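Colleague: What follows is the file final38.cif, containing mmCIF, C-alpha atoms:
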data_upload
loop_
_atom_site.group_PDB
_atom_site.id
_atom_site.type_symbol
_atom_site.label_atom_id
_atom_site.label_comp_id
_atom_site.auth_asym_id
_atom_site.auth_seq_id
_atom_site.Cartn_x
_atom_site.Cartn_y
_atom_site.Cartn_z
ATOM 1 C CA MET A 27 251.434 50.657 3.339
ATOM 2 C CA SER A 28 249.567 49.106 6.162
ATOM 3 C CA ALA A 29 252.719 47.692 7.577
ATOM 4 C CA ARG A 30 254.222 51.069 7.786
ATOM 5 C CA ILE A 31 251.315 52.553 9.637
ATOM 6 C CA LEU A 32 251.421 49.827 12.219
ATOM 7 C CA ARG A 33 255.028 50.512 12.924
ATOM 8 C CA VAL A 34 254.335 54.217 13.428
ATOM 9 C CA VAL A 35 251.345 53.848 15.875
ATOM 10 C CA PRO A 36 252.481 52.243 19.101
ATOM 11 C CA ALA A 37 250.803 49.035 20.031
ATOM 12 C CA LEU A 38 248.055 49.260 22.669
ATOM 13 C CA SER A 39 247.674 46.625 25.270
ATOM 14 C CA ARG A 40 244.881 45.919 27.659
ATOM 15 C CA SER A 41 246.853 47.323 30.555
ATOM 16 C CA THR A 42 247.196 50.729 28.938
ATOM 17 C CA PRO A 43 244.550 53.152 30.288
ATOM 18 C CA PHE A 44 242.140 54.726 27.839
ATOM 19 C CA PRO A 45 242.448 58.495 27.906
ATOM 20 C CA ARG A 46 239.273 60.264 29.185
ATOM 21 C CA PRO A 47 237.819 62.946 26.991
ATOM 22 C CA CYS A 48 238.164 66.564 28.114
ATOM 23 C CA LEU A 49 234.670 67.992 28.613
ATOM 24 C CA PRO A 50 233.673 71.478 29.745
ATOM 25 C CA PRO A 51 232.214 71.840 33.336
ATOM 26 C CA SER A 52 228.660 72.354 32.097
ATOM 27 C CA ALA A 53 228.802 69.220 30.042
ATOM 28 C CA ARG A 54 230.172 67.227 32.939
ATOM 29 C CA CYS A 55 227.311 68.440 35.228
ATOM 30 C CA TRP A 56 224.751 67.463 32.587
ATOM 31 C CA ALA A 57 226.257 64.096 32.180
ATOM 32 C CA SER A 58 226.362 63.503 35.961
ATOM 33 C CA ARG A 59 222.623 64.254 36.256
ATOM 34 C CA ASN A 60 221.797 61.912 33.437
ATOM 35 C CA VAL A 61 223.767 59.145 34.952
ATOM 36 C CA THR A 62 222.179 59.587 38.366
ATOM 37 C CA SER A 63 218.617 59.698 37.070
ATOM 38 C CA SER A 64 219.181 56.674 34.928
ATOM 39 C CA GLN A 65 219.867 54.449 37.883
ATOM 40 C CA PRO A 66 216.835 52.415 39.062
ATOM 41 C CA GLY A 67 215.165 53.758 42.218
ATOM 42 C CA ALA A 68 217.494 56.736 42.381
ATOM 43 C CA ARG A 69 216.263 60.048 43.728
ATOM 44 C CA ARG A 70 217.695 63.434 43.274
ATOM 45 C CA ALA A 71 219.984 64.540 46.035
ATOM 46 C CA TYR A 72 218.379 67.953 46.431
ATOM 47 C CA SER A 73 214.975 66.338 47.080
ATOM 48 C CA GLN A 74 216.305 64.316 50.017
ATOM 49 C CA GLN A 75 217.701 67.222 52.021
ATOM 50 C CA GLN A 76 215.545 70.155 53.110
ATOM 51 C CA THR A 77 217.201 73.146 54.571
ATOM 52 C CA PRO A 78 215.237 74.675 57.526
ATOM 53 C CA PRO A 79 214.045 78.224 56.917
ATOM 54 C CA ASP A 80 216.308 80.909 58.148
ATOM 55 C CA PRO A 81 214.519 83.007 60.826
ATOM 56 C CA LYS A 82 216.482 86.035 59.737
ATOM 57 C CA LEU A 83 215.197 85.721 56.201
ATOM 58 C CA ASN A 84 211.573 84.798 57.184
ATOM 59 C CA PRO A 85 210.355 86.845 60.234
ATOM 60 C CA SER A 86 206.942 85.113 60.168
ATOM 61 C CA HIS A 87 208.515 82.050 61.777
ATOM 62 C CA GLN A 88 209.494 84.045 64.841
ATOM 63 C CA THR A 89 206.840 83.730 67.681
ATOM 64 C CA SER A 90 207.460 85.754 70.772
ATOM 65 C CA SER A 91 205.994 84.927 74.219
ATOM 66 C CA GLY A 92 203.747 88.001 73.984
ATOM 67 C CA GLU A 93 202.210 86.760 70.756
ATOM 68 C CA ARG A 94 201.571 83.351 72.311
ATOM 69 C CA ASP A 95 199.889 85.029 75.298
ATOM 70 C CA ARG A 96 197.707 87.123 73.040
ATOM 71 C CA ALA A 97 196.736 84.056 71.048
ATOM 72 C CA ALA A 98 195.734 82.233 74.261
ATOM 73 C CA VAL A 99 193.841 85.137 75.844
ATOM 74 C CA GLY A 100 192.258 86.429 72.654
ATOM 75 C CA VAL A 101 190.800 89.948 72.790
ATOM 76 C CA PHE A 102 190.299 89.914 76.596
ATOM 77 C CA THR A 103 193.000 92.463 77.339
ATOM 78 C CA PRO A 104 193.256 94.422 80.604
ATOM 79 C CA LYS A 105 191.503 97.313 78.893
ATOM 80 C CA ALA A 106 188.658 95.056 77.762
ATOM 81 C CA ALA A 107 188.404 93.560 81.254
ATOM 82 C CA ALA A 108 188.099 97.006 82.816
ATOM 83 C CA LEU A 109 185.434 97.974 80.284
ATOM 84 C CA PHE A 110 183.539 94.759 81.034
ATOM 85 C CA VAL A 111 183.579 95.426 84.792
ATOM 86 C CA LEU A 112 182.433 99.024 84.360
ATOM 87 C CA THR A 113 179.607 97.973 82.055
ATOM 88 C CA GLY A 114 178.459 95.282 84.503
ATOM 89 C CA ALA A 115 178.482 97.744 87.404
ATOM 90 C CA ALA A 116 176.513 100.303 85.382
ATOM 91 C CA LEU A 117 173.885 97.707 84.457
ATOM 92 C CA PHE A 118 173.613 96.574 88.081
ATOM 93 C CA PHE A 119 172.931 100.077 89.374
ATOM 94 C CA TYR A 120 170.561 100.800 86.490
ATOM 95 C CA PHE A 121 168.361 97.755 87.111
ATOM 96 C CA ARG A 122 168.425 98.305 90.868
ATOM 97 C CA ASN A 123 167.241 101.857 90.360
ATOM 98 C CA GLU A 124 164.498 100.696 87.999
ATOM 99 C CA LYS A 125 163.368 98.098 90.534
ATOM 100 C CA GLU A 126 163.170 100.729 93.262
ATOM 101 C CA LYS A 127 161.096 102.944 90.971
ATOM 102 C CA LEU A 128 158.727 100.070 90.235
ATOM 103 C CA LEU A 129 158.298 99.247 93.920
ATOM 104 C CA GLU A 130 157.673 102.900 94.694
ATOM 105 C CA GLN A 131 155.068 103.085 91.942
ATOM 106 C CA ARG A 132 153.269 100.028 93.288
ATOM 107 C CA ARG A 133 153.363 101.460 96.808
ATOM 108 C CA LYS A 134 151.745 104.655 95.556
ATOM 109 C CA GLU A 135 149.137 102.619 93.699
ATOM 110 C CA ARG A 136 148.298 100.788 96.919
ATOM 111 C CA GLU A 137 148.029 104.075 98.775
ATOM 112 C CA ASP A 138 145.811 105.564 96.065
ATOM 113 C CA SER A 139 143.558 102.512 96.058
ATOM 114 C CA ALA A 140 143.396 102.598 99.847
ATOM 115 C CA VAL A 141 142.235 106.218 99.759
ATOM 116 C CA GLY A 142 139.063 105.208 97.926
ATOM 117 C CA ARG A 143 138.310 102.330 100.295
ATOM 118 C CA PRO A 144 135.871 102.770 103.147
ATOM 119 C CA GLN A 145 137.346 102.714 106.609
ATOM 120 C CA VAL A 146 136.113 99.279 107.633
ATOM 121 C CA GLY A 147 137.515 97.417 110.618
ATOM 122 C CA GLY A 148 139.182 98.335 113.855
ATOM 123 C CA PRO A 149 140.084 97.075 117.313
ATOM 124 C CA PHE A 150 137.812 94.520 118.975
ATOM 125 C CA SER A 151 138.015 91.811 121.612
ATOM 126 C CA LEU A 152 135.587 88.878 121.418
ATOM 127 C CA THR A 153 135.424 85.212 122.409
ATOM 128 C CA THR A 154 135.613 82.246 120.027
ATOM 129 C CA HIS A 155 133.217 79.296 119.984
ATOM 130 C CA LYS A 156 135.944 77.430 121.882
ATOM 131 C CA GLY A 157 135.976 80.010 124.685
ATOM 132 C CA GLU A 158 139.306 81.563 123.586
ATOM 133 C CA PRO A 159 139.977 85.305 123.263
ATOM 134 C CA PHE A 160 140.109 86.729 119.734
ATOM 135 C CA THR A 161 141.112 90.245 118.672
ATOM 136 C CA GLU A 162 141.762 92.114 115.434
ATOM 137 C CA LYS A 163 145.424 91.055 115.700
ATOM 138 C CA ASP A 164 144.381 87.453 115.126
ATOM 139 C CA LEU A 165 143.304 88.467 111.644
ATOM 140 C CA LEU A 166 146.875 89.325 110.630
ATOM 141 C CA GLY A 167 148.809 86.967 108.402
ATOM 142 C CA LYS A 168 145.791 85.538 106.581
ATOM 143 C CA TRP A 169 143.078 86.614 104.206
ATOM 144 C CA SER A 170 139.727 86.783 106.010
ATOM 145 C CA LEU A 171 136.068 86.511 105.065
ATOM 146 C CA ILE A 172 133.916 87.893 107.899
ATOM 147 C CA TYR A 173 130.144 87.521 108.110
ATOM 148 C CA PHE A 174 127.871 89.172 110.708
ATOM 149 C CA GLY A 175 124.662 87.315 111.580
ATOM 150 C CA PHE A 176 122.883 85.324 114.318
ATOM 151 C CA THR A 177 122.268 81.647 114.942
ATOM 152 C CA ASN A 178 118.456 81.891 114.954
ATOM 153 C CA CYS A 179 118.367 83.369 111.454
ATOM 154 C CA PRO A 180 115.905 81.251 109.447
ATOM 155 C CA ASP A 181 117.317 81.465 105.913
ATOM 156 C CA ILE A 182 119.576 84.369 104.901
ATOM 157 C CA CYS A 183 122.451 83.669 107.313
ATOM 158 C CA PRO A 184 122.682 79.948 106.457
ATOM 159 C CA GLU A 185 122.618 80.769 102.737
ATOM 160 C CA GLU A 186 125.413 83.325 103.020
ATOM 161 C CA LEU A 187 127.512 81.065 105.251
ATOM 162 C CA ASP A 188 127.054 78.195 102.780
ATOM 163 C CA LYS A 189 128.212 80.463 99.969
ATOM 164 C CA MET A 190 131.207 81.647 101.943
ATOM 165 C CA SER A 191 132.121 78.039 102.880
ATOM 166 C CA ALA A 192 131.916 76.906 99.249
ATOM 167 C CA ALA A 193 134.219 79.754 98.184
ATOM 168 C CA VAL A 194 136.707 78.880 100.907
ATOM 169 C CA ASP A 195 136.687 75.225 99.802
ATOM 170 C CA LYS A 196 137.647 76.245 96.264
ATOM 171 C CA LEU A 197 140.343 78.599 97.494
ATOM 172 C CA ASP A 198 141.720 75.938 99.834
ATOM 173 C CA ALA A 199 142.029 73.553 96.887
ATOM 174 C CA GLU A 200 144.091 76.124 94.975
ATOM 175 C CA TYR A 201 146.156 77.864 97.651
ATOM 176 C CA GLY A 202 145.785 75.888 100.839
ATOM 177 C CA PRO A 203 144.277 77.343 104.039
ATOM 178 C CA ILE A 204 145.203 80.981 103.439
ATOM 179 C CA VAL A 205 141.630 82.315 103.757
ATOM 180 C CA GLN A 206 140.047 82.279 107.228
ATOM 181 C CA PRO A 207 136.236 82.243 107.411
ATOM 182 C CA ILE A 208 134.762 84.028 110.465
ATOM 183 C CA PHE A 209 131.233 84.364 111.824
ATOM 184 C CA ILE A 210 130.447 87.205 114.280
ATOM 185 C CA SER A 211 127.149 87.124 116.137
ATOM 186 C CA VAL A 212 124.970 90.224 116.437
ATOM 187 C CA ASP A 213 122.654 88.561 118.994
ATOM 188 C CA PRO A 214 124.640 88.449 122.253
ATOM 189 C CA ALA A 215 121.607 87.581 124.407
ATOM 190 C CA ARG A 216 120.963 84.201 122.780
ATOM 191 C CA ASP A 217 124.267 83.411 120.996
ATOM 192 C CA THR A 218 126.317 82.058 123.863
ATOM 193 C CA VAL A 219 129.624 80.261 123.331
ATOM 194 C CA PRO A 220 128.024 76.756 123.281
ATOM 195 C CA GLN A 221 125.262 77.947 120.941
ATOM 196 C CA VAL A 222 127.775 79.467 118.517
ATOM 197 C CA ALA A 223 129.878 76.282 118.673
ATOM 198 C CA ARG A 224 126.900 74.149 117.623
ATOM 199 C CA TYR A 225 126.035 76.569 114.854
ATOM 200 C CA VAL A 226 129.446 76.903 113.162
ATOM 201 C CA SER A 227 129.891 73.113 113.178
ATOM 202 C CA GLU A 228 127.204 72.933 110.498
ATOM 203 C CA PHE A 229 129.333 74.886 108.008
ATOM 204 C CA HIS A 230 133.012 74.992 107.131
ATOM 205 C CA PRO A 231 135.287 73.010 109.519
ATOM 206 C CA ARG A 232 137.643 75.990 109.879
ATOM 207 C CA LEU A 233 134.881 78.517 110.487
ATOM 208 C CA ILE A 234 135.542 80.527 113.662
ATOM 209 C CA GLY A 235 132.503 81.768 115.586
ATOM 210 C CA LEU A 236 132.809 84.916 117.721
ATOM 211 C CA THR A 237 130.487 86.361 120.358
ATOM 212 C CA GLY A 238 130.556 88.714 123.338
ATOM 213 C CA ASP A 239 128.465 91.048 125.423
ATOM 214 C CA TYR A 240 126.193 93.670 123.943
ATOM 215 C CA ALA A 241 128.553 96.645 124.333
ATOM 216 C CA THR A 242 131.497 94.785 122.810
ATOM 217 C CA LEU A 243 129.482 93.525 119.851
ATOM 218 C CA LYS A 244 127.956 96.959 119.278
ATOM 219 C CA ALA A 245 131.446 98.543 119.139
ATOM 220 C CA THR A 246 132.644 95.837 116.754
ATOM 221 C CA CYS A 247 129.671 96.302 114.458
ATOM 222 C CA LYS A 248 130.250 100.043 114.466
ATOM 223 C CA ALA A 249 133.912 99.589 113.482
ATOM 224 C CA TYR A 250 132.859 97.334 110.589
ATOM 225 C CA ARG A 251 129.866 99.535 109.675
ATOM 226 C CA VAL A 252 127.378 96.780 110.262
ATOM 227 C CA TYR A 253 123.782 97.584 111.085
ATOM 228 C CA PHE A 254 121.827 95.338 113.511
ATOM 229 C CA SER A 255 118.546 95.781 115.415
ATOM 230 C CA THR A 256 118.989 93.568 118.472
ATOM 231 C CA PRO A 257 117.315 95.185 121.496
ATOM 232 C CA PRO A 258 119.849 96.080 124.196
ATOM 233 C CA ASN A 259 117.653 94.564 126.947
ATOM 234 C CA ALA A 260 116.814 91.332 125.105
ATOM 235 C CA GLN A 261 116.655 88.150 127.163
ATOM 236 C CA PRO A 262 117.820 84.671 126.109
ATOM 237 C CA GLY A 263 114.264 83.323 126.165
ATOM 238 C CA ASP A 264 112.728 86.106 124.096
ATOM 239 C CA ASP A 265 111.427 85.377 120.622
ATOM 240 C CA TYR A 266 112.505 88.027 118.148
ATOM 241 C CA LEU A 267 114.155 88.454 114.795
ATOM 242 C CA VAL A 268 117.255 90.564 114.185
ATOM 243 C CA ASP A 269 117.523 92.845 111.217
ATOM 244 C CA HIS A 270 121.139 93.266 110.096
ATOM 245 C CA SER A 271 123.425 93.976 107.133
ATOM 246 C CA ILE A 272 123.530 91.070 104.692
ATOM 247 C CA PHE A 273 127.062 90.819 103.285
ATOM 248 C CA PHE A 274 130.475 89.570 104.341
ATOM 249 C CA TYR A 275 133.791 91.382 104.261
ATOM 250 C CA PHE A 276 137.013 90.474 102.515
ATOM 251 C CA MET A 277 140.113 91.553 104.486
ATOM 252 C CA ASP A 278 143.787 91.320 103.492
ATOM 253 C CA PRO A 279 146.626 89.832 105.620
ATOM 254 C CA ASN A 280 147.264 93.272 107.116
ATOM 255 C CA GLY A 281 143.710 93.404 108.427
ATOM 256 C CA GLN A 282 142.719 96.047 105.864
ATOM 257 C CA PHE A 283 139.392 96.071 104.063
ATOM 258 C CA VAL A 284 139.459 94.885 100.428
ATOM 259 C CA ASP A 285 135.865 94.270 99.315
ATOM 260 C CA ALA A 286 132.386 93.227 100.410
ATOM 261 C CA PHE A 287 130.053 90.572 98.959
ATOM 262 C CA GLY A 288 126.273 90.743 99.179
ATOM 263 C CA LYS A 289 123.434 88.404 98.226
ATOM 264 C CA ALA A 290 123.902 89.130 94.513
ATOM 265 C CA SER A 291 127.477 87.826 94.596
ATOM 266 C CA THR A 292 127.987 84.204 93.630
ATOM 267 C CA VAL A 293 130.584 81.706 94.796
ATOM 268 C CA ASP A 294 132.531 82.229 91.578
ATOM 269 C CA ASP A 295 132.429 85.999 92.099
ATOM 270 C CA VAL A 296 133.973 85.622 95.533
ATOM 271 C CA VAL A 297 136.631 83.190 94.314
ATOM 272 C CA ALA A 298 137.591 85.361 91.335
ATOM 273 C CA ARG A 299 137.903 88.480 93.503
ATOM 274 C CA VAL A 300 140.070 86.715 96.045
ATOM 275 C CA GLN A 301 142.245 85.213 93.308
ATOM 276 C CA LYS A 302 142.795 88.630 91.774
ATOM 277 C CA GLU A 303 143.794 90.158 95.079
ATOM 278 C CA VAL A 304 146.085 87.244 96.006
ATOM 279 C CA ALA A 305 147.826 87.548 92.608
ATOM 280 C CA ARG A 306 148.371 91.285 93.109
ATOM 281 C CA TRP A 307 149.646 90.706 96.629
ATOM 282 C CA GLU A 308 152.069 88.055 95.394
ATOM 283 C CA ARG A 309 153.435 90.348 92.675
ATOM 284 C CA GLU A 310 154.129 93.076 95.196
ATOM 285 C CA THR A 311 155.380 91.024 98.142
ATOM 286 C CA GLY A 312 156.568 87.761 96.607
ATOM 287 C CA ARG A 313 154.198 85.689 98.746
ATOM 288 C CA LYS A 314 150.511 84.839 98.885
ATOM 289 C CA VAL A 315 149.917 85.976 102.492
#
Please re-express this file's structure in structure tokens.
Modeller:
Amino acid sequence: MSARILRVVPALSRSTPFPRPCLPPSARCWASRNVTSSQPGARRAYSQQQTPPDPKLNPSHQTSSGERDRAAVGVFTPKAAALFVLTGAALFFYFRNEKEKLLEQRRKEREDSAVGRPQVGGPFSLTTHKGEPFTEKDLLGKWSLIYFGFTNCPDICPEELDKMSAAVDKLDAEYGPIVQPIFISVDPARDTVPQVARYVSEFHPRLIGLTGDYATLKATCKAYRVYFSTPPNAQPGDDYLVDHSIFFYFMDPNGQFVDAFGKASTVDDVVARVQKEVARWERETGRKV
């Protein structure tokens, strides 16, 4: 029986190809994947190739030049710029108007305070202890402390001039020489230019001594409301005392009266009053003198 079967089935040799099995397409695809993944170090083909996104299918990948400009500029659009400029201009005019109102208010305050001040001061023309002319215009541009007295005064005048000099020293240390001390004689018969020069040298080094004839000194004392009892016909060799007002005046850089200090005022009182007035002046004018 076996011999018969061998004669029926043709003999197969090594050169005869082995027929491949017929598999459906799905089975062939599954088999191909298994073969590929079974190879060492192999990677799937679809993981090696990435298809770029299609702009038509994904509009978010489209960036126009306008969008890039908006991203660079941010929210500062022409409309925002115009609003910014208008706001800045409005603030400028608002603060300028407020500043003008404040300056006007301070000017009115100065006028109101000046109304209550006594009318002290006025034109005069005297001679300094150096023989130079001196008028009310020489008071401008500095604060002034002015004392009326006479060189033969035994005690009160030296005490008041010492007090005034000490106050000026303190003010000089704080502000510099912005306060000018001045001595005006009420004894023209005996207080000549050389006599006044010797007298003022005993006090502050910047103290200016002023003198003149009787008529000129009387007019000056009247303008500053100073009382004095020097006889009009007094002679240089006469021995007499002079009764006079005992206080010194505080004048501002415009030559206007500010305050007066008498015997009860101390050095600290004078310094504090001057400091207060200098601070107010600086707030209103931006400078100390």
Colleague: Any idea what's packed within 10 Å of Pro279 of chain A, counting only C-alpha atoms, ignoring anything in its chain fewer than 6 positions away? Could you give it as a list in words?
Modeller: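 Listing them by chain and then by number gives Leu165, Leu166, Gly167, Lys168, Trp169, Ser170, Ile204, Val205, Val304, Trp307, Lys314 and Val315 of chain A.
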Colleague: For atom CA of Lys244 of chain A and atom CA of Asp269 of chain A, determine how far apart the two atoms are, in Å to one decimal place.
Modeller: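 Pair atom CA of Lys244 of chain A / atom CA of Asp269 of chain A returns 13.8 Å.
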Colleague: Nearest to Val268 of chain A: which of A:Tyr225, A:Tyr250, A:Phe283, A:Phe176 is it, counting all atoms listed in the file?
Modeller: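 That would be A:Phe176, the residue with the smallest distance to Val268 of chain A.
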Colleague: Evaluate the PyMOL selection byres ((chain A and resi 238) around 12) against this structure - the residues, as JSON, numbers by chain, please.
Modeller: {"A": [150, 151, 152, 153, 154, 155, 157, 158, 159, 160, 161, 210, 211, 212, 213, 214, 215, 216, 217, 218, 219, 222, 235, 236, 237, 239, 240, 241, 242, 243, 244, 245, 246, 247]}
Colleague: Suppose a student applies the PyMOL selection byres ((chain A and resi 183) around 12) to this structure; what residues should they get, written as number ranges by chain?
Modeller: A: 173-182, 184-190, 209-212, 225-226, 229, 268-274, 288-289
Colleague: Convert the current residue selection to file output with C-alpha atoms, as a tab-separated table (two decimals), in the coordinates of the input.
Modeller:
chain	number	residue	atom	x	y	z
A	173	TYR	CA	130.14	87.52	108.11
A	174	PHE	CA	127.87	89.17	110.71
A	175	GLY	CA	124.66	87.32	111.58
A	176	PHE	CA	122.88	85.32	114.32
A	177	THR	CA	122.27	81.65	114.94
A	178	ASN	CA	118.46	81.89	114.95
A	179	CYS	CA	118.37	83.37	111.45
A	180	PRO	CA	115.90	81.25	109.45
A	181	ASP	CA	117.32	81.46	105.91
A	182	ILE	CA	119.58	84.37	104.90
A	184	PRO	CA	122.68	79.95	106.46
A	185	GLU	CA	122.62	80.77	102.74
A	186	GLU	CA	125.41	83.32	103.02
A	187	LEU	CA	127.51	81.06	105.25
A	188	ASP	CA	127.05	78.19	102.78
A	189	LYS	CA	128.21	80.46	99.97
A	190	MET	CA	131.21	81.65	101.94
A	209	PHE	CA	131.23	84.36	111.82
A	210	ILE	CA	130.45	87.20	114.28
A	211	SER	CA	127.15	87.12	116.14
A	212	VAL	CA	124.97	90.22	116.44
A	225	TYR	CA	126.04	76.57	114.85
A	226	VAL	CA	129.45	76.90	113.16
A	229	PHE	CA	129.33	74.89	108.01
A	268	VAL	CA	117.26	90.56	114.18
A	269	ASP	CA	117.52	92.84	111.22
A	270	HIS	CA	121.14	93.27	110.10
A	271	SER	CA	123.42	93.98	107.13
A	272	ILE	CA	123.53	91.07	104.69
A	273	PHE	CA	127.06	90.82	103.28
A	274	PHE	CA	130.48	89.57	104.34
A	288	GLY	CA	126.27	90.74	99.18
A	289	LYS	CA	123.43	88.40	98.23
Colleague: Work out where the centre of an axis-aligned box around every listed atom of segment 246-260 of chain A lies and how long its edges are once 8 Å is added on each side; give both in Å to one decimal as JSON.
Modeller:
{"center_x": 125.4, "center_y": 95.7, "center_z": 118.3, "size_x": 33.1, "size_y": 24.7, "size_z": 33.3}
